[in-house]
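Enquirer: Contents are compact mmCIF, C-alpha atoms and all ligand atoms; file name query31.txt:
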# COMPACT_ATOMS: atom_id res chain seq x y z
CA MET A 1 94.30 86.73 117.19
CA PRO A 2 97.00 87.57 114.62
CA MET A 3 96.15 86.94 110.98
CA PRO A 4 98.07 84.04 109.37
CA SER A 5 100.78 85.46 107.11
CA ASP A 6 99.41 83.86 103.93
CA THR A 7 95.99 85.34 104.72
CA LEU A 8 97.38 88.86 104.54
CA THR A 9 99.17 88.02 101.28
CA THR A 10 95.95 86.65 99.81
CA PHE A 11 94.05 89.73 100.92
CA LEU A 12 96.60 92.14 99.48
CA ARG A 13 96.56 90.30 96.13
CA ARG A 14 92.80 90.14 95.87
CA PRO A 15 91.56 92.32 92.98
CA LEU A 16 89.16 95.13 93.75
CA THR A 17 86.67 96.80 91.43
CA VAL A 18 86.23 100.56 91.55
CA ARG A 19 83.69 102.15 89.19
CA GLY A 20 83.65 98.96 87.17
CA ARG A 21 87.44 98.95 86.69
CA GLN A 22 89.62 96.29 88.18
CA ILE A 23 92.58 97.06 90.43
CA PRO A 24 94.96 94.08 90.76
CA GLY A 25 95.69 94.41 94.50
CA ARG A 26 94.96 96.25 97.72
CA LEU A 27 98.25 97.82 98.73
CA PHE A 28 98.67 101.38 97.50
CA LEU A 29 101.39 104.00 97.38
CA ALA A 30 99.93 107.01 99.23
CA PRO A 31 100.39 110.45 97.67
CA LEU A 32 103.68 112.00 98.79
CA SER A 33 104.47 115.58 97.85
CA LYS A 34 107.85 115.92 96.06
CA LEU A 35 108.48 112.21 96.74
CA GLY A 36 105.85 110.32 94.74
CA ASN A 37 107.55 111.66 91.62
CA THR A 38 108.06 109.78 88.38
CA ALA A 39 111.59 108.63 89.30
CA PHE A 40 110.46 107.17 92.62
CA ARG A 41 107.47 105.57 90.89
CA GLU A 42 109.79 103.90 88.38
CA LEU A 43 111.78 102.48 91.29
CA VAL A 44 108.62 101.13 92.96
CA ALA A 45 107.25 99.82 89.65
CA GLY A 46 110.42 97.76 89.17
CA TYR A 47 109.60 95.83 92.36
CA GLY A 48 105.86 95.44 91.63
CA GLY A 49 103.15 94.16 93.95
CA TYR A 50 101.03 97.31 94.36
CA GLY A 51 97.42 97.84 93.36
CA LEU A 52 97.79 101.50 92.33
CA LEU A 53 100.28 104.31 92.74
CA PHE A 54 99.05 107.76 93.76
CA SER A 55 101.08 110.69 92.44
CA GLU A 56 102.50 113.57 94.42
CA MET A 57 99.87 116.29 94.77
CA CYS A 58 99.43 118.72 91.87
CA TRP A 59 98.01 122.23 92.15
CA ALA A 60 94.83 121.96 90.07
CA ARG A 61 95.29 125.33 88.37
CA SER A 62 98.72 124.30 87.12
CA VAL A 63 97.46 121.10 85.46
CA PRO A 64 96.15 122.79 82.27
CA CYS A 65 99.61 124.40 81.78
CA GLY A 66 101.51 121.12 82.26
CA ASN A 67 102.63 118.91 79.42
CA GLY A 68 103.53 115.84 81.43
CA HIS A 69 107.23 116.38 81.08
CA ASP A 70 107.96 119.58 82.95
CA GLN A 71 109.46 119.36 86.42
CA GLY A 72 106.31 120.01 88.44
CA GLY A 73 103.98 117.55 90.10
CA PHE A 74 101.98 116.88 86.93
CA MET A 75 104.79 114.91 85.35
CA TRP A 76 105.29 111.39 84.12
CA ARG A 77 107.80 109.57 81.96
CA SER A 78 107.16 108.29 78.48
CA GLY A 79 106.26 104.64 78.79
CA GLU A 80 104.92 105.06 82.34
CA ASN A 81 101.78 102.99 82.76
CA LEU A 82 99.19 105.65 83.56
CA GLN A 83 96.58 102.91 83.96
CA GLU A 84 98.12 102.08 87.33
CA LEU A 85 98.52 105.72 88.34
CA VAL A 86 96.06 108.04 90.08
CA CYS A 87 96.82 111.74 89.86
CA GLN A 88 96.18 113.67 93.07
CA ILE A 89 95.05 117.28 92.80
CA PHE A 90 94.50 120.01 95.36
CA GLY A 91 92.71 123.30 95.08
CA ASN A 92 89.55 125.00 96.32
CA ASP A 93 87.71 126.04 93.20
CA PRO A 94 85.29 123.35 91.97
CA ALA A 95 85.55 124.55 88.34
CA ALA A 96 89.37 124.50 88.35
CA MET A 97 89.38 121.06 89.97
CA ALA A 98 86.92 119.79 87.35
CA ARG A 99 89.06 121.21 84.52
CA ALA A 100 92.17 119.53 85.93
CA ALA A 101 90.31 116.22 86.32
CA ALA A 102 89.14 116.31 82.69
CA ILE A 103 92.76 116.72 81.53
CA ILE A 104 93.88 113.88 83.81
CA GLU A 105 91.22 111.67 82.23
CA LYS A 106 92.23 112.70 78.71
CA GLU A 107 95.88 111.87 79.41
CA GLY A 108 94.87 108.32 80.35
CA PHE A 109 95.30 108.11 84.13
CA PHE A 110 93.44 105.39 85.98
CA GLY A 111 91.79 107.95 88.21
CA VAL A 112 91.88 111.28 89.97
CA ASP A 113 92.33 111.75 93.72
CA ILE A 114 91.18 114.84 95.61
CA ASN A 115 93.31 116.03 98.51
CA PHE A 116 91.37 116.90 101.67
CA GLY A 117 94.16 115.65 103.92
CA CYS A 118 97.12 117.96 103.61
CA SER A 119 97.40 120.16 106.70
CA VAL A 120 100.64 122.02 105.99
CA ALA A 121 100.21 125.74 106.63
CA ALA A 122 100.97 126.84 103.05
CA VAL A 123 98.16 124.63 101.70
CA CYS A 124 95.61 125.35 104.45
CA LYS A 125 96.23 129.12 104.15
CA LYS A 126 94.97 128.88 100.57
CA GLN A 127 91.83 127.15 101.90
CA CYS A 128 92.91 123.89 100.25
CA GLY A 129 93.62 120.36 101.50
CA ALA A 130 92.39 119.69 105.05
CA ALA A 131 91.16 123.30 105.40
CA LEU A 132 88.21 122.28 103.22
CA LEU A 133 87.04 119.87 105.93
CA ARG A 134 85.94 122.98 107.84
CA VAL A 135 83.56 123.78 104.97
CA PRO A 136 81.85 120.49 104.14
CA ASP A 137 79.52 122.07 101.54
CA LYS A 138 82.50 123.33 99.56
CA ALA A 139 84.36 120.02 99.86
CA ALA A 140 81.29 118.13 98.64
CA ALA A 141 80.83 120.63 95.79
CA ILE A 142 84.39 119.96 94.64
CA VAL A 143 83.79 116.21 94.59
CA ALA A 144 80.51 116.70 92.72
CA ALA A 145 82.16 118.97 90.12
CA VAL A 146 84.98 116.50 89.53
CA ARG A 147 82.50 113.64 89.34
CA GLU A 148 80.51 115.44 86.70
CA ALA A 149 83.62 116.24 84.65
CA VAL A 150 85.01 112.69 84.32
CA ASP A 151 84.07 109.07 83.94
CA ILE A 152 87.29 107.69 85.49
CA PRO A 153 87.29 106.70 89.16
CA VAL A 154 87.25 109.61 91.62
CA PHE A 155 89.15 108.99 94.84
CA VAL A 156 89.06 111.20 97.93
CA LYS A 157 91.74 111.33 100.60
CA PHE A 158 90.85 112.92 103.90
CA ARG A 159 91.56 113.12 107.61
CA THR A 160 89.36 112.97 110.68
CA GLY A 161 88.80 116.73 110.49
CA TRP A 162 89.74 119.55 112.83
CA GLU A 163 88.20 118.00 115.95
CA ASP A 164 88.88 114.55 117.26
CA ARG A 165 85.38 113.21 116.62
CA PRO A 166 84.72 110.12 114.52
CA GLU A 167 81.18 111.38 113.83
CA ALA A 168 82.62 114.26 111.79
CA ALA A 169 84.70 111.86 109.67
CA VAL A 170 81.71 109.58 109.16
CA ALA A 171 79.50 112.50 108.12
CA MET A 172 82.18 113.72 105.70
CA ALA A 173 82.63 110.23 104.22
CA ARG A 174 78.87 109.99 103.58
CA ARG A 175 78.90 113.38 101.89
CA PHE A 176 81.82 112.38 99.67
CA GLU A 177 80.02 109.19 98.69
CA ALA A 178 76.79 111.06 97.95
CA ALA A 179 78.74 113.58 95.84
CA GLY A 180 80.03 110.76 93.64
CA ALA A 181 83.36 109.57 95.11
CA ASP A 182 84.19 105.99 94.11
CA ALA A 183 86.65 105.21 96.93
CA LEU A 184 88.07 106.89 100.04
CA THR A 185 91.52 106.89 101.59
CA PHE A 186 91.15 107.79 105.24
CA HIS A 187 93.97 108.93 107.54
CA PRO A 188 92.45 109.05 111.04
CA ARG A 189 94.28 112.03 112.50
CA VAL A 190 93.00 115.50 113.24
CA ALA A 191 94.25 118.12 110.85
CA PRO A 192 96.61 120.09 113.08
CA ASP A 193 98.42 116.85 114.01
CA ARG A 194 101.49 116.42 111.80
CA ARG A 195 101.92 112.72 112.65
CA THR A 196 103.02 113.23 116.25
CA ARG A 197 100.27 111.27 118.01
CA PRO A 198 99.18 107.81 116.79
CA PRO A 199 96.30 107.72 114.31
CA LYS A 200 93.02 106.33 115.67
CA TRP A 201 92.48 103.26 113.51
CA ALA A 202 89.12 102.59 115.19
CA TYR A 203 87.77 105.55 113.20
CA ILE A 204 88.65 103.71 109.98
CA ALA A 205 86.20 101.00 111.01
CA ASP A 206 83.57 103.70 111.66
CA VAL A 207 84.06 105.21 108.22
CA LYS A 208 84.12 101.80 106.55
CA SER A 209 80.81 100.79 108.05
CA ALA A 210 79.19 104.12 107.12
CA VAL A 211 79.65 103.93 103.33
CA ASP A 212 79.22 101.40 100.54
CA ILE A 213 82.30 102.43 98.53
CA PRO A 214 85.77 100.97 99.26
CA VAL A 215 87.73 102.56 102.10
CA PHE A 216 91.53 102.36 102.25
CA GLY A 217 93.14 102.71 105.67
CA ASN A 218 96.21 104.88 106.11
CA GLY A 219 98.53 105.92 108.91
CA ASP A 220 101.48 104.44 110.80
CA VAL A 221 101.71 101.08 109.07
CA PHE A 222 105.42 100.46 109.61
CA ASP A 223 105.65 96.68 109.44
CA ARG A 224 103.70 93.63 108.33
CA ALA A 225 102.11 93.11 111.75
CA ASP A 226 100.77 96.68 111.61
CA CYS A 227 99.27 95.97 108.21
CA GLU A 228 97.62 92.79 109.43
CA ARG A 229 96.23 94.60 112.44
CA MET A 230 94.86 97.46 110.37
CA VAL A 231 93.12 95.09 107.96
CA GLN A 232 91.80 92.86 110.69
CA THR A 233 90.60 95.49 113.13
CA THR A 234 89.11 97.99 110.69
CA GLY A 235 87.73 95.84 107.87
CA CYS A 236 89.26 98.30 105.38
CA ASP A 237 89.32 97.35 101.69
CA GLY A 238 92.98 98.22 101.19
CA VAL A 239 95.96 99.92 102.80
CA ALA A 240 97.81 103.02 101.60
CA LEU A 241 101.48 103.21 102.59
CA GLY A 242 103.31 106.51 102.82
CA ARG A 243 106.54 106.66 104.80
CA LEU A 244 107.12 102.89 104.85
CA ALA A 245 107.12 102.88 101.04
CA LEU A 246 109.84 105.55 101.15
CA ALA A 247 111.89 103.52 103.62
CA LYS A 248 111.40 100.28 101.63
CA PRO A 249 110.22 100.94 98.06
CA TRP A 250 110.05 97.16 97.44
CA ILE A 251 107.54 96.60 100.27
CA PHE A 252 104.62 96.09 97.86
CA GLY A 253 106.39 93.21 96.11
CA GLU A 254 107.63 91.79 99.42
CA TRP A 255 104.25 91.74 101.16
CA THR A 256 102.38 90.36 98.17
CA GLY A 257 104.94 87.60 97.74
CA THR A 258 105.86 88.61 94.19
CA LEU A 259 109.42 89.58 95.19
CA THR A 260 112.03 88.15 97.53
CA PRO A 261 114.25 91.08 98.42
CA ALA A 262 117.96 90.40 97.86
CA PRO A 263 120.18 91.12 100.88
CA ASP A 264 121.74 94.13 99.12
CA ILE A 265 118.41 95.68 98.13
CA TYR A 266 118.91 98.70 100.42
CA ARG A 267 122.14 99.60 98.66
CA THR A 268 120.94 98.83 95.12
CA GLY A 269 117.56 100.51 95.67
CA ALA A 270 119.03 103.79 96.91
CA GLN A 271 121.70 103.79 94.19
CA LYS A 272 119.08 103.15 91.52
CA LEU A 273 117.00 106.09 92.74
CA THR A 274 119.99 108.44 92.35
CA ARG A 275 120.25 107.42 88.67
CA LEU A 276 116.51 107.72 88.03
CA LEU A 277 116.29 111.17 89.61
CA GLU A 278 119.25 112.30 87.49
CA ARG A 279 117.49 111.04 84.39
CA TYR A 280 114.32 113.06 84.95
CA TYR A 281 115.34 116.18 86.91
CA HIS A 282 117.85 119.01 86.80
CA PRO A 283 120.86 118.07 88.97
CA GLU A 284 120.02 120.30 91.93
CA THR A 285 116.33 119.32 91.90
CA ALA A 286 117.39 115.67 91.74
CA ARG A 287 119.73 116.11 94.70
CA ARG A 288 117.06 117.84 96.78
CA ARG A 289 114.50 115.16 95.96
CA PHE A 290 116.95 112.45 96.93
CA MET A 291 117.54 114.17 100.26
CA ARG A 292 113.82 114.18 101.03
CA PHE A 293 113.80 110.43 100.33
CA ALA A 294 116.98 109.94 102.40
CA ALA A 295 115.26 111.14 105.56
CA TYR A 296 112.85 108.19 105.47
CA PHE A 297 115.30 105.68 104.01
CA SER A 298 117.80 106.38 106.81
CA ALA A 299 115.12 105.39 109.33
CA ASN A 300 115.83 101.74 108.44
CA PHE A 301 119.19 101.68 110.22
CA GLN A 302 120.46 101.64 113.77
CA PHE A 303 122.89 104.41 112.79
CA GLY A 304 120.62 106.05 110.27
CA HIS A 305 121.41 109.52 111.61
CA THR A 306 125.06 108.95 110.58
CA LEU A 307 123.97 108.04 107.05
CA TYR A 308 121.62 111.01 106.89
CA ALA A 309 124.28 113.44 108.13
CA ARG A 310 126.77 112.16 105.53
CA LEU A 311 124.23 112.44 102.73
CA THR A 312 123.36 115.97 103.82
CA ARG A 313 126.99 116.99 103.32
CA ALA A 314 127.15 115.51 99.79
CA ARG A 315 127.15 118.27 97.16
CA ASP A 316 126.06 116.19 94.15
CA MET A 317 124.83 112.75 93.14
CA ASP A 318 128.33 111.32 92.76
CA ALA A 319 129.09 112.32 96.34
CA ILE A 320 125.75 110.83 97.43
CA ARG A 321 126.60 107.53 95.75
CA ALA A 322 130.04 107.50 97.40
CA ALA A 323 128.44 108.17 100.81
CA LEU A 324 125.97 105.32 100.26
CA ASP A 325 128.78 102.93 99.32
CA ARG A 326 130.85 103.90 102.34
CA PHE A 327 127.85 103.30 104.62
CA PHE A 328 126.88 99.95 103.12
CA ASP A 329 130.47 98.66 102.99
CA ILE A 330 130.41 98.33 106.79
CA ALA A 331 127.21 96.19 106.76
CA PRO A 332 124.97 98.57 108.79
CA GLU A 333 122.63 97.17 111.39
CA LEU A 334 119.04 97.09 110.19
CA LEU A 335 116.16 97.91 112.52
CA GLN A 336 113.23 95.49 112.62
CA ARG A 337 110.95 98.45 112.17
CA PRO A 338 112.03 101.80 110.69
CA ASN A 339 112.42 104.47 113.33
CA MET A 340 110.17 107.15 111.91
CA ASN A 341 110.38 109.22 115.09
CA HIS A 342 113.68 110.68 113.95
CA PHE A 343 112.40 111.69 110.57
CA ARG A 344 108.94 113.14 110.67
C1 LIG A 401 106.78 113.67 102.89
C2 LIG A 401 105.29 113.51 102.85
C3 LIG A 401 104.58 114.08 101.82
C4 LIG A 401 103.17 113.94 101.78
N1 LIG A 401 102.47 114.46 100.73
C5 LIG A 401 101.14 114.24 100.62
C6 LIG A 401 100.41 114.68 99.48
O1 LIG A 401 100.97 115.24 98.52
N2 LIG A 401 99.07 114.43 99.46
C7 LIG A 401 98.41 113.80 100.47
O2 LIG A 401 97.20 113.60 100.39
N3 LIG A 401 99.09 113.36 101.56
C8 LIG A 401 100.43 113.55 101.63
N4 LIG A 401 101.12 113.06 102.71
C9 LIG A 401 100.41 112.23 103.71
C10 LIG A 401 100.56 110.75 103.36
O3 LIG A 401 99.92 110.44 102.13
C11 LIG A 401 99.98 109.86 104.47
O4 LIG A 401 98.63 110.19 104.65
C12 LIG A 401 100.71 110.04 105.80
O5 LIG A 401 102.11 110.06 105.64
C13 LIG A 401 100.34 108.91 106.78
O6 LIG A 401 100.67 107.66 106.21
P1 LIG A 401 102.01 106.85 106.66
O7 LIG A 401 101.96 106.73 108.14
O8 LIG A 401 101.91 105.55 105.92
O9 LIG A 401 103.19 107.69 106.23
C14 LIG A 401 102.51 113.22 102.80
C15 LIG A 401 103.24 112.67 103.83
C16 LIG A 401 104.61 112.79 103.86
C17 LIG A 401 105.40 112.12 104.97
Spell out the structure here as structure tokens.
Ligand SMILES: Cc1cc2nc3c(=O)[nH]c(=O)nc-3n(C[C@H](O)[C@H](O)[C@H](O)COP(=O)(O)O)c2cc1C

Expert:
Amino acid sequence: MPMPSDTLTTFLRRPLTVRGRQIPGRLFLAPLSKLGNTAFRELVAGYGGYGLLFSEMCWARSVPCGNGHDQGGFMWRSGENLQELVCQIFGNDPAAMARAAAIIEKEGFFGVDINFGCSVAAVCKKQCGAALLRVPDKAAAIVAAVREAVDIPVFVKFRTGWEDRPEAAVAMARRFEAAGADALTFHPRVAPDRRTRPPKWAYIADVKSAVDIPVFGNGDVFDRADCERMVQTTGCDGVALGRLALAKPWIFGEWTGTLTPAPDIYRTGAQKLTRLLERYYHPETARRRFMRFAAYFSANFQFGHTLYARLTRARDMDAIRAALDRFFDIAPELLQRPNMNHFR
């Protein structure tokens, strides 16, 4: 039976305690490489409604060299509320991960998140991300080292593993909990699968019932009904949104009832992001980051491929803004549910 709409809203707004610290809600921005940057986070923060934001992933060894304001992943803006931000790190050396976590704590982040989910070749070749799920002892040692280095909450994000067996995910979740993780974000896909086949949400329920720490479900939540179904069928403690948050950065405010999106929010949201990216990044970096966003944003529209093609041809942000205006001036047809198949 579908969940009444106000029940989902109530659930998403219910505070959650992790390591004795309160989180104001249960809808989270999943970590998104090159996309969960400080400009995008400022856009999302303006709409509100989320429990926590997770940063784009940062290479652990680069964290000690960062100053918060360079153009890498370990970057935030002055005035950004780090108490609602979790910094995600990846790496394979427990000592380097622990060092990075200690700096993240010192800078004032709410928590640190360890990436055991990324399966892109460049990351797995370095024996990082999902590659570590092949070596559970090492993965657990990383969590234990980070746990020992900090007092802030330690989050772990992981996938099913390299074989499609829920038992492996359950065993890994128990090891992460025993090593000191405070909460898990679980994306129930096998590692070689780059989001082509549907995630197996039933495995989220398996992981949830195997541990005592909170478990956040993740994977293919593309509309409110999906979110209701994930919460209802898995019993998860929260939901992490990746691509849907890129398509609709106001979704956290919309689903928690703290924001009623204006009809022109697609136009104003995309335009605002162009300005924010320009503020924090060199022009070409800003343009490239906008184009990564544009792939998912375009998925909202019946003729999204036309928008995406026009944006691809734009040489700079002024041309991008002109292309957006031209597209929105003809009142484009919105899809009920973003068509993510075009833009994996
Ligand atoms: C463009 C992009 C970048 C991503 N970067 C990261 C990352 O840096 N760290 C991570 O743990 N997962 C990363 N992911 C995976 C997402 O956090 C999430 O697990 C995945 O997209 C499934 O959730 P969704 O269906 O809500 O998008 C990325 C996904 C996408 C699409």

Enquirer: Quote the spacing between atom CA of Leu246 of chain A and atom CA of Gly219 of chain A in Å to one decimal place.

Expert: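 These two atoms are separated by 13.7 Å.
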
Enquirer: Listed atoms of ligand LIG 401 (chain A), axis-aligned box, 3 Å per side: centre and edge lengths to one decimal in Å, as JSON?

Expert:
{"center_x": 102.0, "center_y": 110.4, "center_z": 103.3, "size_x": 15.6, "size_y": 15.7, "size_z": 15.6}

Enquirer: Dump the neighbourhood of ligand LIG 401 (chain A) as a JSON list (two decimals) with C-alpha atoms, in the frame of the given file: all residues within 7 Å, distances computed on only C-alpha atoms and all ligand atoms.

Expert:
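Writing the result to selection.json gives the following:
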[["chain", "number", "residue", "atom", "x", "y", "z"],
["A", 30, "ALA", "CA", 99.93, 107.01, 99.23],
["A", 31, "PRO", "CA", 100.39, 110.45, 97.67],
["A", 32, "LEU", "CA", 103.68, 112.00, 98.79],
["A", 33, "SER", "CA", 104.47, 115.58, 97.85],
["A", 34, "LYS", "CA", 107.85, 115.92, 96.06],
["A", 35, "LEU", "CA", 108.48, 112.21, 96.74],
["A", 56, "GLU", "CA", 102.50, 113.57, 94.42],
["A", 57, "MET", "CA", 99.87, 116.29, 94.77],
["A", 115, "ASN", "CA", 93.31, 116.03, 98.51],
["A", 116, "PHE", "CA", 91.37, 116.90, 101.67],
["A", 117, "GLY", "CA", 94.16, 115.65, 103.92],
["A", 118, "CYS", "CA", 97.12, 117.96, 103.61],
["A", 157, "LYS", "CA", 91.74, 111.33, 100.60],
["A", 187, "HIS", "CA", 93.97, 108.93, 107.54],
["A", 218, "ASN", "CA", 96.21, 104.88, 106.11],
["A", 219, "GLY", "CA", 98.53, 105.92, 108.91],
["A", 220, "ASP", "CA", 101.48, 104.44, 110.80],
["A", 221, "VAL", "CA", 101.71, 101.08, 109.07],
["A", 240, "ALA", "CA", 97.81, 103.02, 101.60],
["A", 241, "LEU", "CA", 101.48, 103.21, 102.59],
["A", 242, "GLY", "CA", 103.31, 106.51, 102.82],
["A", 243, "ARG", "CA", 106.54, 106.66, 104.80],
["A", 244, "LEU", "CA", 107.12, 102.89, 104.85],
["A", 344, "ARG", "CA", 108.94, 113.14, 110.67]]

Enquirer: If you measure from atom CA of Pro94 of chain A to atom CA of Ala141 of chain A, what distance in Å do you get, rounded to one decimal?

Expert: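 Separation between atom CA of Pro94 of chain A and atom CA of Ala141 of chain A: 6.5 Å.
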
Enquirer: Can you tell me, as a PyMOL selection string, what residues are no more than 10 Å from Ser209 of chain A when counting all atoms listed in the file, ignoring any on the same chain fewer than 5 positions away?

Expert: chain A and resi 170+203-204+215+234-236

Enquirer: So that I have them on file, write out the residues from the current selection with C-alpha atoms, as a short mmCIF file (atom, residue, chain, number, x, y, z; two decimals), in the coordinates of the input.

Expert:
data_model
loop_
_atom_site.label_atom_id
_atom_site.label_comp_id
_atom_site.auth_asym_id
_atom_site.auth_seq_id
_atom_site.Cartn_x
_atom_site.Cartn_y
_atom_site.Cartn_z
CA VAL A 170 81.71 109.58 109.16
CA TYR A 203 87.77 105.55 113.20
CA ILE A 204 88.65 103.71 109.98
CA VAL A 215 87.73 102.56 102.10
CA THR A 234 89.11 97.99 110.69
CA GLY A 235 87.73 95.84 107.87
CA CYS A 236 89.26 98.30 105.38
#

Enquirer: Please list as a list in words every residue within 10 Å of Ile251 of chain A, counting all atoms listed in the file and excluding residues in the same chain fewer than 5 positions away.

Expert: Leu27, Val44, Tyr47, Gly48, Gly49, Tyr50, Asp223, Arg224, Leu241, Leu244, Ala245, Leu246, Thr256, Gly257, Leu259, Thr260 and Pro261 of chain A

Enquirer: To one decimal place, how far is atom CA of Ala179 of chain A from atom CA of Ala144 of chain A in Å?

Expert: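 Computed distance, atom CA of Ala179 of chain A to atom CA of Ala144 of chain A, equals 4.8 Å.
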
Enquirer: Go through A:Val63, A:Ala169, A:Ala45, A:Ala145 and flag the residue nearest Leu273 of chain A, using only C-alpha atoms for the distances.

Expert: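 Counting only C-alpha atoms, the residue closest to Leu273 of chain A is A:Ala45.
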
Enquirer: Could you check which of A:Phe327, A:Phe11, A:Trp59, A:Phe110 is closest to Gly304 of chain A, using only C-alpha atoms?

Expert: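 Counting only C-alpha atoms, the residue closest to Gly304 of chain A is A:Phe327.
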
Enquirer: I'd like the neighbourhood of Ala323 of chain A as a VMD selection string, where a residue qualifies if any of its atoms comes within 10 Å (using only C-alpha atoms), though same-chain residues fewer than 6 positions away should be ignored.

Expert: chain A and resid 307 to 314 317 329

Enquirer: Using all atoms listed in the file, pick whichever of A:Asp318, A:Asp206, A:Asp226, A:Glu254 has the shortest atom-to-atom distance to Arg174 of chain A.

Expert: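 Among the listed residues, the smallest separation from Arg174 of chain A belongs to A:Asp206.
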
Enquirer: Which residues are near Asp193 of chain A? Cut-off 12 Å, all atoms listed in the file, ignore same chain within fewer than 2 positions. Put them as a VMD selection string.

Expert: chain A and resid 117 to 121 130 159 to 164 187 to 191 195 to 200 344

Enquirer: Point out the residue among A:Val239, A:Ala178, A:Ala100, A:Met340 with the least atom-to-atom distance to Ala149 of chain A, counting only C-alpha atoms.

Expert: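 Ranked by minimum distance to Ala149 of chain A, first place goes to A:Ala100.
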
Enquirer: Within 12 Å of Glu84 of chain A, counting all atoms listed in the file, which residues show up once you throw out same-chain ones fewer than 5 positions away? Write them as a ChimeraX atom specification, please.

Expert: /A:21-25,28-29,41-42,44-45,48-55,108-112,153

Enquirer: Nearest to Arg61 of chain A among A:Met97, A:Ala247, A:Ala225, A:Met3, with distances taken over all atoms listed in the file: which residue is it?

Expert: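 Among the listed residues, A:Met97 lies closest to Arg61 of chain A.
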
Enquirer: Identify the residues around (83.7, 97.4, 94.3) within a radius of 12 Å, measuring from all atoms listed in the file in the coordinates stated by the file, and give them as an MDAnalysis selection string.

Expert: chainID A and resid 14:23 26 153 182:184 211:215 237:238

Enquirer: With distances taken over all atoms listed in the file, which of A:Thr258, A:Thr274, A:Ser62, A:Ser78 is nearest to Arg288 of chain A?

Expert: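 Smallest separation from Arg288 of chain A among the options: A:Thr274.
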
Enquirer: Please, which residues in segment 223-250 of chain A fall within 10 Å of segment 263-271 of chain A when counting only C-alpha atoms, and what is the closest atom pair and distance in Å to one decimal for each, ordered by chain then residue number, as JSON lines?

Expert:
{"residue": "A:Ala247", "atom": "CA", "partner": "A:Tyr266", "partner_atom": "CA", "distance": 9.1}
{"residue": "A:Lys248", "atom": "CA", "partner": "A:Tyr266", "partner_atom": "CA", "distance": 7.8}
{"residue": "A:Pro249", "atom": "CA", "partner": "A:Gly269", "partner_atom": "CA", "distance": 7.7}
{"residue": "A:Trp250", "atom": "CA", "partner": "A:Gly269", "partner_atom": "CA", "distance": 8.4}

Enquirer: Any chance you could model N, CA and C atoms for segment 205-217 of chain A and send them as a PDB file, in the frame of the given file?

Expert:
ATOM      1  N   ALA A 205      87.329 101.946 110.969  1.00  0.00           N
ATOM      2  CA  ALA A 205      86.200 101.000 111.010  1.00  0.00           C
ATOM      3  C   ALA A 205      84.873 101.762 110.974  1.00  0.00           C
ATOM      4  N   ASP A 206      84.805 102.905 111.663  1.00  0.00           N
ATOM      5  CA  ASP A 206      83.570 103.700 111.660  1.00  0.00           C
ATOM      6  C   ASP A 206      83.248 104.190 110.251  1.00  0.00           C
ATOM      7  N   VAL A 207      84.276 104.694 109.579  1.00  0.00           N
ATOM      8  CA  VAL A 207      84.060 105.210 108.220  1.00  0.00           C
ATOM      9  C   VAL A 207      83.675 104.064 107.288  1.00  0.00           C
ATOM     10  N   LYS A 208      84.393 102.967 107.417  1.00  0.00           N
ATOM     11  CA  LYS A 208      84.120 101.800 106.550  1.00  0.00           C
ATOM     12  C   LYS A 208      82.664 101.361 106.679  1.00  0.00           C
ATOM     13  N   SER A 209      82.176 101.313 107.911  1.00  0.00           N
ATOM     14  CA  SER A 209      80.810 100.790 108.050  1.00  0.00           C
ATOM     15  C   SER A 209      79.749 101.829 107.669  1.00  0.00           C
ATOM     16  N   ALA A 210      80.181 103.066 107.438  1.00  0.00           N
ATOM     17  CA  ALA A 210      79.190 104.120 107.120  1.00  0.00           C
ATOM     18  C   ALA A 210      78.929 104.269 105.629  1.00  0.00           C
ATOM     19  N   VAL A 211      79.808 103.721 104.785  1.00  0.00           N
ATOM     20  CA  VAL A 211      79.650 103.930 103.330  1.00  0.00           C
ATOM     21  C   VAL A 211      79.680 102.592 102.591  1.00  0.00           C
ATOM     22  N   ASP A 212      79.224 102.631 101.340  1.00  0.00           N
ATOM     23  CA  ASP A 212      79.220 101.400 100.540  1.00  0.00           C
ATOM     24  C   ASP A 212      80.403 101.334  99.579  1.00  0.00           C
ATOM     25  N   ILE A 213      81.143 102.434  99.429  1.00  0.00           N
ATOM     26  CA  ILE A 213      82.300 102.430  98.530  1.00  0.00           C
ATOM     27  C   ILE A 213      83.533 101.930  99.292  1.00  0.00           C
ATOM     28  N   PRO A 214      84.566 101.457  98.563  1.00  0.00           N
ATOM     29  CA  PRO A 214      85.770 100.970  99.260  1.00  0.00           C
ATOM     30  C   PRO A 214      86.454 102.064 100.077  1.00  0.00           C
ATOM     31  N   VAL A 215      86.989 101.651 101.217  1.00  0.00           N
ATOM     32  CA  VAL A 215      87.730 102.560 102.100  1.00  0.00           C
ATOM     33  C   VAL A 215      89.131 101.974 102.305  1.00  0.00           C
ATOM     34  N   PHE A 216      90.157 102.787 102.026  1.00  0.00           N
ATOM     35  CA  PHE A 216      91.530 102.360 102.250  1.00  0.00           C
ATOM     36  C   PHE A 216      92.028 103.012 103.541  1.00  0.00           C
ATOM     37  N   GLY A 217      92.600 102.190 104.413  1.00  0.00           N
ATOM     38  CA  GLY A 217      93.140 102.710 105.670  1.00  0.00           C
ATOM     39  C   GLY A 217      94.535 103.257 105.441  1.00  0.00           C
TER      40      GLY A 217
END
